[in-house]
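*Asks:* This is upload-v2.pdb, which holds PDB, C-alpha atoms (C1' of nucleotides):
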ATOM      1  CA  MET A   1      60.531  71.782  61.976
ATOM      2  CA  LYS A   2      60.405  70.198  58.527
ATOM      3  CA  GLU A   3      63.173  67.842  57.510
ATOM      4  CA  LEU A   4      65.567  68.877  54.786
ATOM      5  CA  ASN A   5      65.780  66.022  52.279
ATOM      6  CA  PRO A   6      69.368  64.870  52.853
ATOM      7  CA  LEU A   7      69.717  63.741  49.265
ATOM      8  CA  LEU A   8      69.254  67.290  48.124
ATOM      9  CA  HIS A   9      70.956  68.956  51.060
ATOM     10  CA  SER A  10      74.406  68.528  49.563
ATOM     11  CA  GLN A  11      76.214  71.283  47.766
ATOM     12  CA  LEU A  12      77.062  69.396  44.602
ATOM     13  CA  ARG A  13      73.822  67.447  44.247
ATOM     14  CA  LEU A  14      71.850  70.622  44.819
ATOM     15  CA  ALA A  15      73.865  72.438  42.152
ATOM     16  CA  VAL A  16      73.258  69.615  39.688
ATOM     17  CA  MET A  17      69.559  69.525  40.409
ATOM     18  CA  SER A  18      69.311  73.266  40.111
ATOM     19  CA  ILE A  19      70.934  73.159  36.677
ATOM     20  CA  LEU A  20      68.708  70.306  35.540
ATOM     21  CA  MET A  21      65.622  72.176  36.734
ATOM     22  CA  ASN A  22      66.343  74.848  34.134
ATOM     23  CA  VAL A  23      67.989  73.071  31.253
ATOM     24  CA  GLU A  24      66.004  70.052  30.017
ATOM     25  CA  GLU A  25      69.259  68.153  29.441
ATOM     26  CA  ALA A  26      72.902  68.433  30.388
ATOM     27  CA  ASP A  27      75.847  66.136  29.849
ATOM     28  CA  PHE A  28      78.523  65.064  32.278
ATOM     29  CA  VAL A  29      81.162  67.434  30.974
ATOM     30  CA  TYR A  30      78.831  70.403  31.091
ATOM     31  CA  LEU A  31      77.773  69.616  34.661
ATOM     32  CA  LYS A  32      81.398  69.200  35.671
ATOM     33  CA  GLU A  33      82.325  72.602  34.278
ATOM     34  CA  LYS A  34      79.286  74.428  35.603
ATOM     35  CA  THR A  35      79.626  73.023  39.092
ATOM     36  CA  GLU A  36      83.429  73.199  39.108
ATOM     37  CA  SER A  37      83.568  69.741  40.604
ATOM     38  CA  THR A  38      85.991  66.873  40.059
ATOM     39  CA  ALA A  39      84.852  64.047  37.798
ATOM     40  CA  GLY A  40      85.040  61.532  40.639
ATOM     41  CA  ASN A  41      82.868  63.514  42.961
ATOM     42  CA  LEU A  42      80.376  64.295  40.225
ATOM     43  CA  SER A  43      80.165  60.660  39.185
ATOM     44  CA  VAL A  44      79.388  59.568  42.738
ATOM     45  CA  GLN A  45      76.774  62.259  43.296
ATOM     46  CA  LEU A  46      75.069  61.632  39.961
ATOM     47  CA  ASP A  47      74.786  57.957  40.887
ATOM     48  CA  LYS A  48      72.987  58.881  44.067
ATOM     49  CA  LEU A  49      70.541  61.080  42.207
ATOM     50  CA  VAL A  50      69.931  58.330  39.663
ATOM     51  CA  ASN A  51      69.380  55.737  42.389
ATOM     52  CA  ALA A  52      66.918  58.060  44.083
ATOM     53  CA  GLY A  53      64.998  58.345  40.833
ATOM     54  CA  TYR A  54      65.582  62.103  40.718
ATOM     55  CA  ILE A  55      67.460  62.107  37.420
ATOM     56  CA  THR A  56      68.272  59.805  34.521
ATOM     57  CA  ALA A  57      71.770  59.433  33.103
ATOM     58  CA  THR A  58      71.914  57.910  29.658
ATOM     59  CA  LYS A  59      75.135  56.868  28.006
ATOM     60  CA  GLY A  60      75.456  57.432  24.303
ATOM     61  CA  PHE A  61      77.950  58.438  21.677
ATOM     62  CA  VAL A  62      78.881  61.566  19.820
ATOM     63  CA  GLY A  63      80.878  60.157  16.939
ATOM     64  CA  LYS A  64      83.209  57.791  18.753
ATOM     65  CA  LYS A  65      83.246  59.634  22.051
ATOM     66  CA  THR A  66      81.043  58.580  24.912
ATOM     67  CA  ARG A  67      78.605  61.069  26.331
ATOM     68  CA  THR A  68      76.407  60.806  29.418
ATOM     69  CA  VAL A  69      73.292  62.920  29.226
ATOM     70  CA  CYS A  70      71.263  63.760  32.329
ATOM     71  CA  HIS A  71      67.617  64.705  32.679
ATOM     72  CA  ILE A  72      65.588  65.523  35.732
ATOM     73  CA  THR A  73      62.568  63.295  36.377
ATOM     74  CA  ALA A  74      59.121  64.358  37.538
ATOM     75  CA  GLN A  75      59.974  62.870  40.922
ATOM     76  CA  GLY A  76      63.184  64.872  41.039
ATOM     77  CA  ARG A  77      61.367  68.037  40.156
ATOM     78  CA  ALA A  78      58.841  67.444  42.938
ATOM     79  CA  ALA A  79      61.551  66.657  45.477
ATOM     80  CA  PHE A  80      63.449  69.798  44.546
ATOM     81  CA  GLU A  81      60.382  71.948  44.961
ATOM     82  CA  GLU A  82      59.591  70.373  48.300
ATOM     83  CA  TYR A  83      63.151  70.953  49.428
ATOM     84  CA  VAL A  84      62.914  74.618  48.505
ATOM     85  CA  GLU A  85      59.734  74.960  50.539
ATOM     86  CA  ALA A  86      61.341  73.291  53.549
ATOM     87  CA  LEU A  87      64.375  75.530  53.274
ATOM     88  CA  LYS A  88      62.230  78.622  53.389
ATOM     89  CA  ASP A  89      61.284  77.664  56.943
ATOM     90  CA  TYR A  90      64.940  77.680  57.872
ATOM     91  CA  LEU A  91      65.801  80.909  56.132
ATOM     92  CA  ASN A  92      62.619  82.891  56.742
ATOM     93  CA  LEU A  93      62.146  83.679  53.084
TER      94      LEU A  93
ATOM     95  CA  MET B   1      79.191  78.853  41.330
ATOM     96  CA  LYS B   2      79.377  80.410  44.780
ATOM     97  CA  GLU B   3      80.420  78.204  47.676
ATOM     98  CA  LEU B   4      77.893  77.325  50.321
ATOM     99  CA  ASN B   5      79.492  78.011  53.697
ATOM    100  CA  PRO B   6      79.827  74.461  55.029
ATOM    101  CA  LEU B   7      79.457  75.623  58.594
ATOM    102  CA  LEU B   8      75.967  76.806  57.831
ATOM    103  CA  HIS B   9      75.095  74.132  55.305
ATOM    104  CA  SER B  10      74.074  71.671  57.986
ATOM    105  CA  GLN B  11      70.491  71.062  58.942
ATOM    106  CA  LEU B  12      70.826  71.537  62.655
ATOM    107  CA  ARG B  13      73.258  74.449  62.610
ATOM    108  CA  LEU B  14      71.124  76.198  60.038
ATOM    109  CA  ALA B  15      68.024  75.714  62.174
ATOM    110  CA  VAL B  16      69.819  77.098  65.217
ATOM    111  CA  MET B  17      71.092  80.108  63.306
ATOM    112  CA  SER B  18      67.687  80.752  61.823
ATOM    113  CA  ILE B  19      66.140  80.791  65.289
ATOM    114  CA  LEU B  20      68.852  83.053  66.655
ATOM    115  CA  MET B  21      68.391  85.452  63.729
ATOM    116  CA  ASN B  22      64.866  86.153  64.964
ATOM    117  CA  VAL B  23      65.016  85.796  68.704
ATOM    118  CA  GLU B  24      67.756  87.902  70.306
ATOM    119  CA  GLU B  25      68.452  85.080  72.790
ATOM    120  CA  ALA B  26      67.601  81.427  73.251
ATOM    121  CA  ASP B  27      68.714  78.868  75.799
ATOM    122  CA  PHE B  28      69.886  75.317  75.227
ATOM    123  CA  VAL B  29      66.601  73.735  76.243
ATOM    124  CA  TYR B  30      64.588  76.008  73.990
ATOM    125  CA  LEU B  31      66.829  75.301  71.014
ATOM    126  CA  LYS B  32      66.647  71.595  71.704
ATOM    127  CA  GLU B  33      62.861  71.646  71.711
ATOM    128  CA  LYS B  34      62.472  73.908  68.701
ATOM    129  CA  THR B  35      64.896  71.951  66.558
ATOM    130  CA  GLU B  36      63.783  68.542  67.887
ATOM    131  CA  SER B  37      67.393  67.515  68.188
ATOM    132  CA  THR B  38      69.135  65.373  70.757
ATOM    133  CA  ALA B  39      71.151  67.159  73.431
ATOM    134  CA  GLY B  40      74.376  65.559  72.262
ATOM    135  CA  ASN B  41      74.006  66.633  68.687
ATOM    136  CA  LEU B  42      72.962  70.122  69.704
ATOM    137  CA  SER B  43      75.908  70.462  72.069
ATOM    138  CA  VAL B  44      78.378  69.523  69.324
ATOM    139  CA  GLN B  45      76.840  71.823  66.729
ATOM    140  CA  LEU B  46      76.619  74.768  69.129
ATOM    141  CA  ASP B  47      80.312  74.331  69.870
ATOM    142  CA  LYS B  48      81.104  74.616  66.187
ATOM    143  CA  LEU B  49      79.082  77.787  65.858
ATOM    144  CA  VAL B  50      80.776  79.231  68.928
ATOM    145  CA  ASN B  51      84.227  78.324  67.614
ATOM    146  CA  ALA B  52      83.399  79.974  64.299
ATOM    147  CA  GLY B  53      82.444  83.132  66.156
ATOM    148  CA  TYR B  54      78.895  82.963  64.833
ATOM    149  CA  ILE B  55      77.208  82.715  68.225
ATOM    150  CA  THR B  56      78.019  83.086  71.888
ATOM    151  CA  ALA B  57      76.956  80.553  74.497
ATOM    152  CA  THR B  58      77.027  81.834  78.041
ATOM    153  CA  LYS B  59      76.557  79.597  81.048
ATOM    154  CA  GLY B  60      74.630  81.007  83.930
ATOM    155  CA  PHE B  61      72.131  80.038  86.601
ATOM    156  CA  VAL B  62      68.391  80.252  87.080
ATOM    157  CA  GLY B  63      68.105  79.676  90.808
ATOM    158  CA  LYS B  64      70.295  76.627  91.238
ATOM    159  CA  LYS B  65      69.862  75.230  87.757
ATOM    160  CA  THR B  66      72.395  75.850  85.037
ATOM    161  CA  ARG B  67      71.287  77.588  81.880
ATOM    162  CA  THR B  68      73.212  78.161  78.664
ATOM    163  CA  VAL B  69      72.048  81.181  76.746
ATOM    164  CA  CYS B  70      72.927  81.686  73.081
ATOM    165  CA  HIS B  71      73.126  84.865  71.052
ATOM    166  CA  ILE B  72      74.014  85.403  67.434
ATOM    167  CA  THR B  73      77.014  87.656  66.778
ATOM    168  CA  ALA B  74      77.354  90.321  64.091
ATOM    169  CA  GLN B  75      79.693  87.959  62.283
ATOM    170  CA  GLY B  76      77.121  85.177  62.494
ATOM    171  CA  ARG B  77      74.429  87.438  61.176
ATOM    172  CA  ALA B  78      76.604  88.441  58.221
ATOM    173  CA  ALA B  79      77.536  84.832  57.475
ATOM    174  CA  PHE B  80      73.905  83.774  57.573
ATOM    175  CA  GLU B  81      72.892  86.508  55.165
ATOM    176  CA  GLU B  82      75.707  85.634  52.809
ATOM    177  CA  TYR B  83      74.704  81.990  52.936
ATOM    178  CA  VAL B  84      71.147  82.879  52.023
ATOM    179  CA  GLU B  85      72.367  84.880  49.042
ATOM    180  CA  ALA B  86      74.561  81.999  47.870
ATOM    181  CA  LEU B  87      71.670  79.574  48.234
ATOM    182  CA  LYS B  88      69.470  81.677  46.029
ATOM    183  CA  ASP B  89      71.844  80.890  43.157
ATOM    184  CA  TYR B  90      71.228  77.212  43.741
ATOM    185  CA  LEU B  91      67.480  77.467  44.098
ATOM    186  CA  ASN B  92      66.729  80.194  41.576
ATOM    187  CA  LEU B  93      64.833  82.307  44.068
TER     188      LEU B  93
ATOM    189  C1'  DT C   1     103.259  52.800  18.167
ATOM    190  C1'  DA C   2     104.057  55.311  22.279
ATOM    191  C1'  DA C   3     102.377  58.897  24.760
ATOM    192  C1'  DA C   4      98.936  62.084  25.938
ATOM    193  C1'  DG C   5      93.925  63.283  26.412
ATOM    194  C1'  DC C   6      89.035  62.449  27.165
ATOM    195  C1'  DG C   7      85.183  60.689  29.743
ATOM    196  C1'  DG C   8      84.324  58.716  33.101
ATOM    197  C1'  DT C   9      84.389  54.889  37.539
ATOM    198  C1'  DT C  10      86.269  52.809  41.657
ATOM    199  C1'  DT C  11      88.415  53.096  45.901
ATOM    200  C1'  DA C  12      90.602  55.148  49.815
ATOM    201  C1'  DT C  13      90.497  58.805  53.119
ATOM    202  C1'  DA C  14      89.064  62.718  55.554
ATOM    203  C1'  DA C  15      85.314  65.266  57.406
ATOM    204  C1'  DT C  16      80.525  65.359  59.318
ATOM    205  C1'  DA C  17      76.514  64.263  61.577
ATOM    206  C1'  DT C  18      74.353  61.759  64.977
ATOM    207  C1'  DA C  19      73.155  58.931  68.814
ATOM    208  C1'  DA C  20      74.457  56.531  72.754
ATOM    209  C1'  DA C  21      76.741  56.550  76.899
ATOM    210  C1'  DC C  22      78.197  59.229  80.447
ATOM    211  C1'  DT C  23      78.633  63.098  84.232
ATOM    212  C1'  DA C  24      77.387  66.191  87.823
ATOM    213  C1'  DA C  25      74.102  68.601  90.190
ATOM    214  C1'  DA C  26      69.253  69.094  91.696
ATOM    215  C1'  DT C  27      64.825  67.224  92.730
ATOM    216  C1'  DT C  28      61.539  63.886  93.985
ATOM    217  C1'  DT C  29      59.962  59.646  96.232
ATOM    218  C1'  DC C  30      59.791  56.335  99.684
TER     219       DC C  30
ATOM    220  C1'  DG D   1      67.564  61.136 104.541
ATOM    221  C1'  DA D   2      69.142  57.675 101.172
ATOM    222  C1'  DA D   3      67.975  55.899  96.775
ATOM    223  C1'  DA D   4      66.025  56.704  92.486
ATOM    224  C1'  DT D   5      64.784  60.107  88.900
ATOM    225  C1'  DT D   6      65.255  64.196  86.330
ATOM    226  C1'  DT D   7      67.710  68.006  84.261
ATOM    227  C1'  DA D   8      71.255  70.106  81.616
ATOM    228  C1'  DG D   9      74.434  69.257  79.358
ATOM    229  C1'  DT D  10      79.450  66.853  77.489
ATOM    230  C1'  DT D  11      82.237  63.205  75.632
ATOM    231  C1'  DT D  12      82.951  59.457  72.785
ATOM    232  C1'  DA D  13      81.968  56.028  69.396
ATOM    233  C1'  DT D  14      79.913  54.988  65.039
ATOM    234  C1'  DA D  15      77.674  55.508  60.738
ATOM    235  C1'  DT D  16      77.244  58.436  56.790
ATOM    236  C1'  DT D  17      79.009  61.729  53.491
ATOM    237  C1'  DA D  18      81.910  64.218  50.667
ATOM    238  C1'  DT D  19      85.957  64.408  48.220
ATOM    239  C1'  DA D  20      90.130  63.522  45.871
ATOM    240  C1'  DA D  21      93.325  60.367  44.123
ATOM    241  C1'  DA D  22      94.151  56.542  41.490
ATOM    242  C1'  DC D  23      92.686  53.989  37.950
ATOM    243  C1'  DC D  24      90.543  52.220  33.269
ATOM    244  C1'  DG D  25      89.370  51.840  28.407
ATOM    245  C1'  DC D  26      89.113  54.178  24.298
ATOM    246  C1'  DT D  27      90.813  57.809  20.967
ATOM    247  C1'  DT D  28      93.639  61.029  19.080
ATOM    248  C1'  DT D  29      98.058  62.895  18.048
ATOM    249  C1'  DA D  30     103.057  63.051  17.500
TER     250       DA D  30
END
Just give me the structure as structure tokens.

*Replies:*
Amino acid sequence: MKELNPLLHSQLRLAVMSILMNVEEADFVYLKEKTESTAGNLSVQLDKLVNAGYITATKGFVGKKTRTVCHITAQGRAAFEEYVEALKDYLNL
Amino acid sequence: MKELNPLLHSQLRLAVMSILMNVEEADFVYLKEKTESTAGNLSVQLDKLVNAGYITATKGFVGKKTRTVCHITAQGRAAFEEYVEALKDYLNL
DNA sequence: TAAAGCGGTTTATAATATAAACTAAATTTC
DNA sequence: GAAATTTAGTTTATATTATAAACCGCTTTA
């Protein structure tokens, strides 16, 4: 049986990746609202995705307020698609 | 966003459930081989599925050798199907 | 200028997954 | 027929993960 990429096999990281697959860019606050996660949890999980090279998180400003914008990378896109394929084995889709 | 049932959102338990969805019955040794898991891990995860009421695990004999046979329950079947539906939200299937 | 809010990060804790060590019975080997 | 090996698991210890709580620096508002 195929392995399920453990980096993606996590509820919150999967939700984030799924959003970023469809949205070209999303900031921290948006991801937090969409996923209904706490800021702490989101921060930790985003770090893991960044470290894996699956997303980028760029800090910038909107006026004087900080804003962290996330993008999916080509590598992240590929990993997500591979994960979906592996999951199909488990779910018989 | 829908919750992913944490009892099913585990690689090994999901693999076991997927097998039992399609197989009417499967014994411990068969599940161990199919999932390529260790006996210890499988034993623990089967217990959790039994405690959740998702499967039954019945001990019996084949000649003098013990044999644990697993079946999925109606509740397990329903939970699996619900999990698949929830996952589709995450994967855009 | 004190207090409250925003956008996060760090850290502590609880839950989970996993393998390693163990057990008890059966089978094989010498 | 006793010792070693295998089989079918269970229990326990450990590493990993997820999560929330506490915190931090800056900004706005009262």

*Asks:* For chain C versus chain B, which residues have an atom no more than 12 Å away, and what is each residue's nearest atom pair and distance in Å rounded to one decimal, using all atoms listed in the file, chain-then-number order, as JSON lines?

*Replies:*
{"residue": "C:DA15", "atom": "C1'", "partner": "B:Pro6", "partner_atom": "CA", "distance": 11.0}
{"residue": "C:DT16", "atom": "C1'", "partner": "B:Ser10", "partner_atom": "CA", "distance": 9.1}
{"residue": "C:DA17", "atom": "C1'", "partner": "B:Asn41", "partner_atom": "CA", "distance": 7.9}
{"residue": "C:DT18", "atom": "C1'", "partner": "B:Asn41", "partner_atom": "CA", "distance": 6.1}
{"residue": "C:DA19", "atom": "C1'", "partner": "B:Gly40", "partner_atom": "CA", "distance": 7.6}
{"residue": "C:DA20", "atom": "C1'", "partner": "B:Gly40", "partner_atom": "CA", "distance": 9.0}
{"residue": "C:DA21", "atom": "C1'", "partner": "B:Gly40", "partner_atom": "CA", "distance": 10.4}
{"residue": "C:DC22", "atom": "C1'", "partner": "B:Gly40", "partner_atom": "CA", "distance": 11.0}
{"residue": "C:DA24", "atom": "C1'", "partner": "B:Thr66", "partner_atom": "CA", "distance": 11.2}
{"residue": "C:DA25", "atom": "C1'", "partner": "B:Lys65", "partner_atom": "CA", "distance": 8.2}
{"residue": "C:DA26", "atom": "C1'", "partner": "B:Lys65", "partner_atom": "CA", "distance": 7.3}
{"residue": "C:DT27", "atom": "C1'", "partner": "B:Lys65", "partner_atom": "CA", "distance": 10.7}

*Asks:* Limited to C-alpha atoms (C1' of nucleotides), could you put the picked residues into a file as a PDB file, keeping the file's coordinate frame?

*Replies:*
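New file again_17.pdb:
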ATOM      1  C1'  DA C  15      85.314  65.266  57.406  1.00  0.00           C
ATOM      2  C1'  DT C  16      80.525  65.359  59.318  1.00  0.00           C
ATOM      3  C1'  DA C  17      76.514  64.263  61.577  1.00  0.00           C
ATOM      4  C1'  DT C  18      74.353  61.759  64.977  1.00  0.00           C
ATOM      5  C1'  DA C  19      73.155  58.931  68.814  1.00  0.00           C
ATOM      6  C1'  DA C  20      74.457  56.531  72.754  1.00  0.00           C
ATOM      7  C1'  DA C  21      76.741  56.550  76.899  1.00  0.00           C
ATOM      8  C1'  DC C  22      78.197  59.229  80.447  1.00  0.00           C
ATOM      9  C1'  DA C  24      77.387  66.191  87.823  1.00  0.00           C
ATOM     10  C1'  DA C  25      74.102  68.601  90.190  1.00  0.00           C
ATOM     11  C1'  DA C  26      69.253  69.094  91.696  1.00  0.00           C
ATOM     12  C1'  DT C  27      64.825  67.224  92.730  1.00  0.00           C
TER      13       DT C  27
END

*Asks:* For the PyMOL selection byres ((chain B) within 12 of (chain A)), applied here, can you spell out every residue it catches as a PyMOL selection string?

*Replies:* chain B and resi 1-6+8-22+31-37+77+80-93

*Asks:* Go ahead and find all residues with at least one atom no further than 10 Å from (69.2, 60.0, 42.6) in the file's coordinates, using all atoms listed in the file; report them as JSON, numbers by chain.

*Replies:* {"A": [7, 8, 13, 17, 45, 46, 47, 48, 49, 50, 51, 52, 53, 54, 55, 56, 57, 72, 73, 75, 76]}

*Asks:* Given all atoms listed in the file, how would the per-residue table for chain D near chain B read, listing every residue at most 10 Å away with its closest atom pair and distance in Å to one decimal, sorted by chain and number, as a Markdown table?

*Replies:*
| residue | atom | partner | partner_atom | distance |
| --- | --- | --- | --- | --- |
| D:DT7 | C1' | B:Lys65 | CA | 8.3 |
| D:DA8 | C1' | B:Thr66 | CA | 6.8 |
| D:DG9 | C1' | B:Ala39 | CA | 7.1 |
| D:DT10 | C1' | B:Gly40 | CA | 7.4 |
| D:DT11 | C1' | B:Gly40 | CA | 8.9 |

*Asks:* Please compute the C1' of DA18 (chain D)-C1' of DA14 (chain C) distance, one decimal, in Å.

*Replies:*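 Spanning C1' of DA18 (chain D) to C1' of DA14 (chain C) is a straight-line distance of 8.8 Å.
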
*Asks:* Any idea what the distance is between C1' of DA2 (chain C) and CA of Lys59 (chain A)?

*Replies:*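 According to the coordinates, C1' of DA2 (chain C) and CA of Lys59 (chain A) are separated by 29.5 Å.
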
*Asks:* How far is it from CA of Val23 (chain B) to CA of His71 (chain B), in Å with one decimal?

*Replies:* 8.5 Å

*Asks:* What do you get, as number ranges by chain, if you spell out every residue that the PyMOL selection byres ((chain D and resi 27) around 12) selects here?

*Replies:* A: 63-66; C: 4-7; D: 25-26, 28-29

*Asks:* Hey, what comes out of the PyMOL selection byres ((chain D and resi 2) around 12) on this file? Could you write it as a list in words?

*Replies:*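 So the PyMOL selection byres ((chain D and resi 2) around 12) ends up selecting DT29 and DC30 of chain C; DG1, DA3 and DA4 of chain D.
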
*Asks:* With C-alpha atoms (C1' of nucleotides) retained, export the selected residues as a PDB file, in the frame of the given file.

*Replies:*
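Ended up saving to part.pdb:
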ATOM      1  C1'  DT C  29      59.962  59.646  96.232  1.00  0.00           C
ATOM      2  C1'  DC C  30      59.791  56.335  99.684  1.00  0.00           C
TER       3       DC C  30
ATOM      4  C1'  DG D   1      67.564  61.136 104.541  1.00  0.00           C
ATOM      5  C1'  DA D   3      67.975  55.899  96.775  1.00  0.00           C
ATOM      6  C1'  DA D   4      66.025  56.704  92.486  1.00  0.00           C
TER       7       DA D   4
END
